[in-house]
Amino acid sequence: MKTSENRKFEEEWKDMMEGGEIAPSDHVWNSIDLKLSHAERGEMKKRVVFYQRLAAASVLFALCLGAAGWFWNYDGAGVKSLASQPVGENQSEAASTSTTTSKTSSDLENNDNSYVTATTESPSVNSAKSVKGNNEKGAQSQAENGGNNNAFTNENSGGNYIAAITTPANKSVLPMAKETGSENQPTSPNTSGFESRGVVQLATNELEVSTIQLTGKPIEQIEAARTFKIAKREEKQADDQDKNWWASLNGSGGAYNQNSSSNSVANSLFLQSPTPSLNKAPKSTESGVGTSFSYGMSLGKKISKRWMVMGGVNYLNQSIDYNSNIVLQEASQSRAFVADLASPSSSLASTAPYVLRNTNEFVSIPVQAGYLLLNRKAGVQLNAGVAADIFYRNTMTDLSGQFGSFSQEAGENSTYRSLNWTGLLGTELSYRMNKHYHVSLIPGFRYSFNSVLKSSTGSTINPLVWDVGFRLKYVF
Amino acid sequence: MHSEIELIEGCAKGDRAAQRALYDRFSGRMLALCHRYAKSTHEAEDILQEGFIKIFGSIDSFRQEAKLTTWMTRIMINTALNMQRQKLYLLPMVDVNDANLYEQEEIGLSNFHFSELIRMVQSLPDGCRIIFNLFAIEGYGHKEIADMLNISEGTSKSQYNRAKSLLQAKLKAERKYENVREQKI
């Protein structure tokens, strides 16, 4: 009995509660909307952070690659100094033959055939001697060394050596011929022979020194010499080609930080408001990180072996979300607005918090200098320069659609400066696809030297952008 | 007018219009539920807000094996319990003396307005209120409630009996007040 009474009590309550509804107040949805927007921005922020890290990692990678390239160059110089020292492995090898031979190349790059040699038949000389690389000096050096340099004679009759030459200018290893007879001598008409006793050094016309180590296989040695010549020729062709003008299409995307500081005039506007209900502190908080993208075209020219200049024109779009509690009042409707951009002429009203997207558009004209750290099929370049960012338009859009969009362009009434100067710094990791087409990945950042807002707003915004760009380059 | 499936798909894609439509369709019913678990309107709206955030956040995992309202109700109840849990820890529930429980006169609810009944439920002590809701209205057994709230089954039963006793007393008091008012008129 009691059980059925209990059940009746519960069922009665259940029936009474079922289907009952209570209308929530409006602010509940506003809060949900705001939280959802925050969550979405959190997702966006995660994505942006990923690209930021990618850009940073790329810059770091490029710098490491550049440093390694520089180190290799340095290492070449190190070989030079090491080779001139009287003590070392080469010394003992040289001592075993009791002969040291010096070899001078007048111009390896421009005239492969202009080897001039100097041979010193002196057991007491343990180190190879480097000689400035031109024919005259080479000849002088020959004279000084007793003129025993008319040919690469093989005094080591059973000799069967490979001479590996390391040239610092190109980092390739050049096995160089020692030969058992004159028929296997290098193809250079000016090089009638090759003396393979002890340590041989080459000096190019750029005073770079190469070492030759005797290891012993002539066929491989000749093959490598050919490879070296081909590589040199290709490099020279590429170098010549790089000196042409190039044009490119480029685009980039990344994270955008406003670096804003606010002492907005909006506060004073509210305090002056005749309507007491409007005396609510205006507050506009940006989400911290926004997004930036740009696209455009560039034109450039290589002006020396390592340097190039480039310029162009780009469309630049930077957007960031704000939580705002003010709107701009106009006769027809209220428009989305943020406190940072208020000017003394703004007519503002407070409202429930909402999320708006603030987008700035610029036409950017960059001028940059590039320094080539590595110029092979894959290249690494450091770029730096400035850009004149011409303000085009600012748009504020309420993401919920509750308020109208606000838009302003450059001009006297605009809160934005018409011309802004921005510093650019980045790296360019390029890949030469063929004779004309190159592709590049360009991680870098740009920082505005001046505030994009006019001083009358009382606020400053100095955008900092981390981005990763892509460039398709056509070399003429 | 969107179908339920369209709303679910829209919400799963993060479409704000679909989220708003889902909210408009179910928020009244869900707020009534939240009111039963909360002490005040403000608290109920907090639960509603938090609950809808969870619903939108996990609607892509809704497999449509259950009815959407059932799934949403479950999320709202869990949200309410999570928000009340702190109070339950601060005021641990113990067995209470319910000697007079079955001596109360049975009073029908049909003469009471929905909002009056909600107010009565809200006036119950925290532990009693939650167990009354879970047992009498949501239909959970004492064993399930004991597991959910990490209390003993006996505690759940005694808290429910106490809630029932208190509610009957309130109903009686309200009815007396109504009678007096009618006589005056």
# chains A, B, ... in the order shown; residues from 1 in each chain; ligands from 1
$ interface_residues --of "chain A" --to "chain B" --cutoff "9 Å" --atoms "only C-alpha atoms" --output "PDB file with N, CA and C atoms, in the first residue's frame"
ATOM      1  N   LYS A   2       1.830   1.203   0.971  1.00  0.00           N
ATOM      2  CA  LYS A   2       2.726   2.345   1.071  1.00  0.00           C
ATOM      3  C   LYS A   2       3.504   2.526  -0.221  1.00  0.00           C
ATOM      4  N   GLU A   5       1.404   4.180  -2.777  1.00  0.00           N
ATOM      5  CA  GLU A   5       1.227   5.599  -2.431  1.00  0.00           C
ATOM      6  C   GLU A   5       2.475   6.398  -2.811  1.00  0.00           C
ATOM      7  N   ARG A   7       4.596   5.594  -5.070  1.00  0.00           N
ATOM      8  CA  ARG A   7       4.692   5.685  -6.523  1.00  0.00           C
ATOM      9  C   ARG A   7       3.766   6.782  -7.052  1.00  0.00           C
ATOM     10  N   PHE A   9       2.898   9.446  -5.516  1.00  0.00           N
ATOM     11  CA  PHE A   9       3.534  10.735  -5.200  1.00  0.00           C
ATOM     12  C   PHE A   9       4.597  11.092  -6.261  1.00  0.00           C
ATOM     13  N   GLU A  10       5.407  10.139  -6.572  1.00  0.00           N
ATOM     14  CA  GLU A  10       6.480  10.375  -7.556  1.00  0.00           C
ATOM     15  C   GLU A  10       5.929  10.635  -8.949  1.00  0.00           C
ATOM     16  N   GLU A  11       4.930   9.827  -9.309  1.00  0.00           N
ATOM     17  CA  GLU A  11       4.369  10.004 -10.652  1.00  0.00           C
ATOM     18  C   GLU A  11       3.675  11.346 -10.788  1.00  0.00           C
ATOM     19  N   GLU A  12       3.042  11.753  -9.701  1.00  0.00           N
ATOM     20  CA  GLU A  12       2.365  13.047  -9.730  1.00  0.00           C
ATOM     21  C   GLU A  12       3.367  14.178  -9.952  1.00  0.00           C
ATOM     22  N   TRP A  13       4.483  14.079  -9.249  1.00  0.00           N
ATOM     23  CA  TRP A  13       5.538  15.100  -9.413  1.00  0.00           C
ATOM     24  C   TRP A  13       6.126  15.044 -10.826  1.00  0.00           C
ATOM     25  N   LYS A  14       6.327  13.830 -11.280  1.00  0.00           N
ATOM     26  CA  LYS A  14       6.918  13.667 -12.615  1.00  0.00           C
ATOM     27  C   LYS A  14       6.002  14.271 -13.679  1.00  0.00           C
ATOM     28  N   ASP A  15       4.711  13.998 -13.545  1.00  0.00           N
ATOM     29  CA  ASP A  15       3.743  14.537 -14.505  1.00  0.00           C
ATOM     30  C   ASP A  15       3.732  16.057 -14.491  1.00  0.00           C
ATOM     31  N   MET A  16       3.777  16.584 -13.283  1.00  0.00           N
ATOM     32  CA  MET A  16       3.711  18.042 -13.152  1.00  0.00           C
ATOM     33  C   MET A  16       4.967  18.724 -13.735  1.00  0.00           C
ATOM     34  N   MET A  17       6.080  18.023 -13.608  1.00  0.00           N
ATOM     35  CA  MET A  17       7.348  18.626 -14.076  1.00  0.00           C
ATOM     36  C   MET A  17       7.564  18.430 -15.577  1.00  0.00           C
ATOM     37  N   GLU A  18       6.932  17.389 -16.103  1.00  0.00           N
ATOM     38  CA  GLU A  18       7.171  17.054 -17.499  1.00  0.00           C
ATOM     39  C   GLU A  18       6.602  18.147 -18.419  1.00  0.00           C
ATOM     40  N   GLY A  19       7.401  18.530 -19.355  1.00  0.00           N
ATOM     41  CA  GLY A  19       6.946  19.516 -20.352  1.00  0.00           C
ATOM     42  C   GLY A  19       6.967  20.944 -19.850  1.00  0.00           C
ATOM     43  N   GLY A  20       7.326  21.130 -18.590  1.00  0.00           N
ATOM     44  CA  GLY A  20       7.388  22.487 -18.051  1.00  0.00           C
ATOM     45  C   GLY A  20       8.552  23.258 -18.666  1.00  0.00           C
ATOM     46  N   GLU A  21       8.320  24.512 -18.959  1.00  0.00           N
ATOM     47  CA  GLU A  21       9.383  25.334 -19.563  1.00  0.00           C
ATOM     48  C   GLU A  21       9.481  26.672 -18.856  1.00  0.00           C
ATOM     49  N   ILE A  22      10.684  27.164 -18.748  1.00  0.00           N
ATOM     50  CA  ILE A  22      10.922  28.509 -18.208  1.00  0.00           C
ATOM     51  C   ILE A  22      11.835  29.230 -19.197  1.00  0.00           C
ATOM     52  N   ALA A  23      11.386  30.370 -19.651  1.00  0.00           N
ATOM     53  CA  ALA A  23      12.188  31.085 -20.661  1.00  0.00           C
ATOM     54  C   ALA A  23      13.431  31.697 -20.017  1.00  0.00           C
ATOM     55  N   PRO A  24      14.571  31.418 -20.577  1.00  0.00           N
ATOM     56  CA  PRO A  24      15.805  32.021 -20.027  1.00  0.00           C
ATOM     57  C   PRO A  24      15.927  33.487 -20.453  1.00  0.00           C
ATOM     58  N   SER A  25      16.671  34.239 -19.685  1.00  0.00           N
ATOM     59  CA  SER A  25      16.880  35.641 -20.077  1.00  0.00           C
ATOM     60  C   SER A  25      17.886  35.727 -21.228  1.00  0.00           C
ATOM     61  N   VAL A  28      21.766  34.883 -21.221  1.00  0.00           N
ATOM     62  CA  VAL A  28      22.309  33.515 -21.188  1.00  0.00           C
ATOM     63  C   VAL A  28      22.874  33.159 -22.556  1.00  0.00           C
ATOM     64  N   TRP A  29      22.091  33.434 -23.608  1.00  0.00           N
ATOM     65  CA  TRP A  29      22.610  33.127 -24.949  1.00  0.00           C
ATOM     66  C   TRP A  29      23.837  33.991 -25.263  1.00  0.00           C
ATOM     67  N   SER A  31      26.067  35.034 -23.267  1.00  0.00           N
ATOM     68  CA  SER A  31      27.232  34.428 -22.595  1.00  0.00           C
ATOM     69  C   SER A  31      27.680  33.166 -23.317  1.00  0.00           C
ATOM     70  N   ILE A  32      26.707  32.352 -23.740  1.00  0.00           N
ATOM     71  CA  ILE A  32      27.057  31.119 -24.470  1.00  0.00           C
ATOM     72  C   ILE A  32      27.775  31.489 -25.767  1.00  0.00           C
ATOM     73  N   ASP A  33      27.211  32.472 -26.467  1.00  0.00           N
ATOM     74  CA  ASP A  33      27.801  32.920 -27.740  1.00  0.00           C
ATOM     75  C   ASP A  33      29.243  33.372 -27.540  1.00  0.00           C
ATOM     76  N   LYS A  35      31.259  32.551 -25.078  1.00  0.00           N
ATOM     77  CA  LYS A  35      32.132  31.419 -24.717  1.00  0.00           C
ATOM     78  C   LYS A  35      32.468  30.575 -25.945  1.00  0.00           C
ATOM     79  N   LEU A  36      31.478  30.402 -26.817  1.00  0.00           N
ATOM     80  CA  LEU A  36      31.738  29.635 -28.043  1.00  0.00           C
ATOM     81  C   LEU A  36      32.767  30.352 -28.911  1.00  0.00           C
ATOM     82  N   GLU A  40      36.319  28.986 -30.141  1.00  0.00           N
ATOM     83  CA  GLU A  40      36.740  28.959 -31.545  1.00  0.00           C
ATOM     84  C   GLU A  40      38.063  29.678 -31.711  1.00  0.00           C
ATOM     85  N   SER A 400      28.262  38.078 -34.570  1.00  0.00           N
ATOM     86  CA  SER A 400      26.915  37.540 -34.348  1.00  0.00           C
ATOM     87  C   SER A 400      25.914  38.159 -35.318  1.00  0.00           C
TER      88      SER A 400
END
$ residues_around --residues "stretch 59-72 of chain B" --least-positions-apart "3" --cutoff "7 Å" --atoms "only C-alpha atoms" --output "ChimeraX atom specification"
/B:8,11-12,55-56,75-76
$ write_last_selection --atoms "N, CA and C atoms" --output "PDB file, in the first residue's frame"
ATOM      1  N   ILE B   8      21.492  19.106 -35.535  1.00  0.00           N
ATOM      2  CA  ILE B   8      22.652  18.377 -34.992  1.00  0.00           C
ATOM      3  C   ILE B   8      23.854  18.538 -35.929  1.00  0.00           C
ATOM      4  N   CYS B  11      25.162  22.121 -35.798  1.00  0.00           N
ATOM      5  CA  CYS B  11      25.898  22.369 -34.548  1.00  0.00           C
ATOM      6  C   CYS B  11      27.261  21.677 -34.578  1.00  0.00           C
ATOM      7  N   ALA B  12      27.276  20.483 -35.154  1.00  0.00           N
ATOM      8  CA  ALA B  12      28.552  19.750 -35.229  1.00  0.00           C
ATOM      9  C   ALA B  12      29.571  20.498 -36.071  1.00  0.00           C
ATOM     10  N   ILE B  55      27.089  20.739 -24.520  1.00  0.00           N
ATOM     11  CA  ILE B  55      26.305  20.119 -25.605  1.00  0.00           C
ATOM     12  C   ILE B  55      26.905  20.482 -26.955  1.00  0.00           C
ATOM     13  N   PHE B  56      27.197  21.764 -27.155  1.00  0.00           N
ATOM     14  CA  PHE B  56      27.764  22.184 -28.445  1.00  0.00           C
ATOM     15  C   PHE B  56      29.176  21.603 -28.642  1.00  0.00           C
ATOM     16  N   ILE B  75      23.143  15.439 -20.070  1.00  0.00           N
ATOM     17  CA  ILE B  75      24.269  16.394 -19.954  1.00  0.00           C
ATOM     18  C   ILE B  75      23.935  17.490 -18.947  1.00  0.00           C
ATOM     19  N   MET B  76      22.706  17.976 -19.009  1.00  0.00           N
ATOM     20  CA  MET B  76      22.304  19.037 -18.065  1.00  0.00           C
ATOM     21  C   MET B  76      22.353  18.532 -16.621  1.00  0.00           C
TER      22      MET B  76
END
$ residues_around --residues "stretch 437-452 of chain A" --least-positions-apart "5" --cutoff "9 Å" --atoms "only C-alpha atoms" --output "PyMOL selection string"
chain A and resi 54-59+252+260+379+383+386-387+389+391+415-432+459-475
$ atom_distance --atom1 "atom CA of A:Gln402" --atom2 "atom CA of A:Ser334"
9.0 Å
$ select_by_dssp --residues "stretch 2-183 of chain B" --states "helix (DSSP H, G or I)" --output "count of residues only"
138
$ residues_around --residues "A:Ala352" --least-positions-apart "4" --cutoff "10 Å" --atoms "only C-alpha atoms" --output "ChimeraX atom specification"
/A:27,30-31,324-327
$ write_last_selection --atoms "N, CA, C and O atoms" --output "JSON list (two decimals), in the first residue's frame"
[["chain", "number", "residue", "atom", "x", "y", "z"],
["A", 27, "HIS", "N", 20.59, 37.31, -21.70],
["A", 27, "HIS", "CA", 22.04, 37.31, -21.48],
["A", 27, "HIS", "C", 22.64, 35.91, -21.43],
["A", 27, "HIS", "O", 23.85, 35.75, -21.60],
["A", 30, "ASN", "N", 23.81, 35.27, -24.86],
["A", 30, "ASN", "CA", 24.96, 36.13, -25.11],
["A", 30, "ASN", "C", 26.22, 35.53, -24.50],
["A", 30, "ASN", "O", 27.30, 35.52, -25.11],
["A", 31, "SER", "N", 26.07, 35.03, -23.27],
["A", 31, "SER", "CA", 27.23, 34.43, -22.59],
["A", 31, "SER", "C", 27.68, 33.17, -23.32],
["A", 31, "SER", "O", 28.89, 32.93, -23.48],
["A", 324, "SER", "N", 34.02, 43.37, -27.26],
["A", 324, "SER", "CA", 33.72, 44.79, -27.10],
["A", 324, "SER", "C", 32.38, 44.96, -26.41],
["A", 324, "SER", "O", 31.49, 44.10, -26.53],
["A", 325, "ASN", "N", 32.24, 46.05, -25.68],
["A", 325, "ASN", "CA", 30.93, 46.34, -25.09],
["A", 325, "ASN", "C", 30.43, 47.73, -25.50],
["A", 325, "ASN", "O", 29.65, 48.35, -24.80],
["A", 326, "ILE", "N", 30.97, 48.21, -26.63],
["A", 326, "ILE", "CA", 30.47, 49.49, -27.14],
["A", 326, "ILE", "C", 30.11, 49.38, -28.61],
["A", 326, "ILE", "O", 30.61, 48.51, -29.31],
["A", 327, "VAL", "N", 29.23, 50.25, -29.03],
["A", 327, "VAL", "CA", 28.88, 50.34, -30.46],
["A", 327, "VAL", "C", 28.95, 51.80, -30.88],
["A", 327, "VAL", "O", 28.88, 52.71, -30.04]]
$ atom_distance --atom1 "atom CA of B:Gly10" --atom2 "atom CA of B:Thr79"
23.1 Å
$ atom_distance --atom1 "atom CA of A:Arg393" --atom2 "atom CA of A:Ser332"
21.8 Å
$ residues_around --residues "A:Ser37" --least-positions-apart "6" --cutoff "10 Å" --atoms "only C-alpha atoms" --output "list in words"
Ser31, Glu43, Asp321, Asn323, Tyr354, Val355, Leu356, Leu399 and Ser400 of chain A; Arg16 of chain B
$ write_last_selection --atoms "all heavy atoms" --output "CSV table (one decimal), in the first residue's frame"
chain,number,residue,atom,x,y,z
A,31,SER,N,26.1,35.0,-23.3
A,31,SER,CA,27.2,34.4,-22.6
A,31,SER,C,27.7,33.2,-23.3
A,31,SER,O,28.9,32.9,-23.5
A,31,SER,CB,26.9,34.1,-21.1
A,31,SER,OG,26.5,35.2,-20.5
A,43,GLU,N,40.8,27.5,-30.7
A,43,GLU,CA,41.2,26.6,-31.8
A,43,GLU,C,42.1,27.3,-32.8
A,43,GLU,O,43.1,26.8,-33.2
A,43,GLU,CB,40.0,26.1,-32.5
A,43,GLU,CG,39.2,25.1,-31.7
A,43,GLU,CD,39.9,23.8,-31.6
A,43,GLU,OE1,40.3,23.3,-32.6
A,43,GLU,OE2,40.0,23.2,-30.5
A,321,ASP,N,40.3,39.4,-33.5
A,321,ASP,CA,39.0,39.5,-32.8
A,321,ASP,C,39.0,40.3,-31.5
A,321,ASP,O,40.0,40.2,-30.8
A,321,ASP,CB,38.4,38.1,-32.5
A,321,ASP,CG,38.1,37.4,-33.8
A,321,ASP,OD1,38.1,38.0,-34.9
A,321,ASP,OD2,37.7,36.2,-33.7
A,323,ASN,N,36.7,41.4,-28.0
A,323,ASN,CA,35.4,41.4,-27.1
A,323,ASN,C,35.2,42.9,-26.9
A,323,ASN,O,36.0,43.6,-26.3
A,323,ASN,CB,35.6,40.7,-25.8
A,323,ASN,CG,35.8,39.2,-26.0
A,323,ASN,OD1,35.2,38.7,-26.9
A,323,ASN,ND2,36.7,38.6,-25.3
A,354,TYR,N,30.0,41.6,-26.9
A,354,TYR,CA,29.9,40.9,-28.2
A,354,TYR,C,31.3,40.8,-28.8
A,354,TYR,O,32.2,41.4,-28.4
A,354,TYR,CB,28.9,41.5,-29.1
A,354,TYR,CG,29.4,42.9,-29.6
A,354,TYR,CD1,29.9,43.0,-30.9
A,354,TYR,CD2,29.2,44.0,-28.9
A,354,TYR,CE1,30.4,44.2,-31.4
A,354,TYR,CE2,29.7,45.3,-29.3
A,354,TYR,CZ,30.2,45.4,-30.6
A,354,TYR,OH,30.6,46.6,-31.0
A,355,VAL,N,31.4,39.9,-29.8
A,355,VAL,CA,32.7,39.7,-30.4
A,355,VAL,C,32.7,40.3,-31.8
A,355,VAL,O,31.7,40.1,-32.6
A,355,VAL,CB,33.0,38.2,-30.5
A,355,VAL,CG1,34.4,37.9,-31.2
A,355,VAL,CG2,33.0,37.5,-29.2
A,356,LEU,N,33.7,41.1,-32.1
A,356,LEU,CA,33.8,41.6,-33.5
A,356,LEU,C,35.2,41.3,-34.1
A,356,LEU,O,36.1,41.0,-33.3
A,356,LEU,CB,33.6,43.1,-33.5
A,356,LEU,CG,34.5,44.1,-32.8
A,356,LEU,CD1,35.8,44.3,-33.6
A,356,LEU,CD2,33.9,45.4,-32.5
A,399,LEU,N,30.5,39.5,-35.3
A,399,LEU,CA,30.4,38.1,-35.7
A,399,LEU,C,29.0,37.5,-35.5
A,399,LEU,O,28.6,36.6,-36.2
A,399,LEU,CB,31.5,37.3,-35.0
A,399,LEU,CG,32.9,37.6,-35.4
A,399,LEU,CD1,33.9,36.7,-34.6
A,399,LEU,CD2,33.2,37.6,-36.8
A,400,SER,N,28.3,38.1,-34.6
A,400,SER,CA,26.9,37.5,-34.3
A,400,SER,C,25.9,38.2,-35.3
A,400,SER,O,24.8,37.7,-35.4
A,400,SER,CB,26.5,37.8,-32.9
A,400,SER,OG,26.3,39.2,-32.7
B,16,ARG,N,26.8,28.8,-36.1
B,16,ARG,CA,26.2,29.5,-35.0
B,16,ARG,C,24.7,29.6,-35.1
B,16,ARG,O,23.9,29.6,-34.1
B,16,ARG,CB,26.8,30.9,-34.9
B,16,ARG,CG,26.6,31.7,-33.6
B,16,ARG,CD,27.0,31.0,-32.4
B,16,ARG,NE,28.3,30.5,-32.4
B,16,ARG,CZ,29.4,31.2,-32.2
B,16,ARG,NH1,29.3,32.4,-31.8
B,16,ARG,NH2,30.6,30.7,-32.2
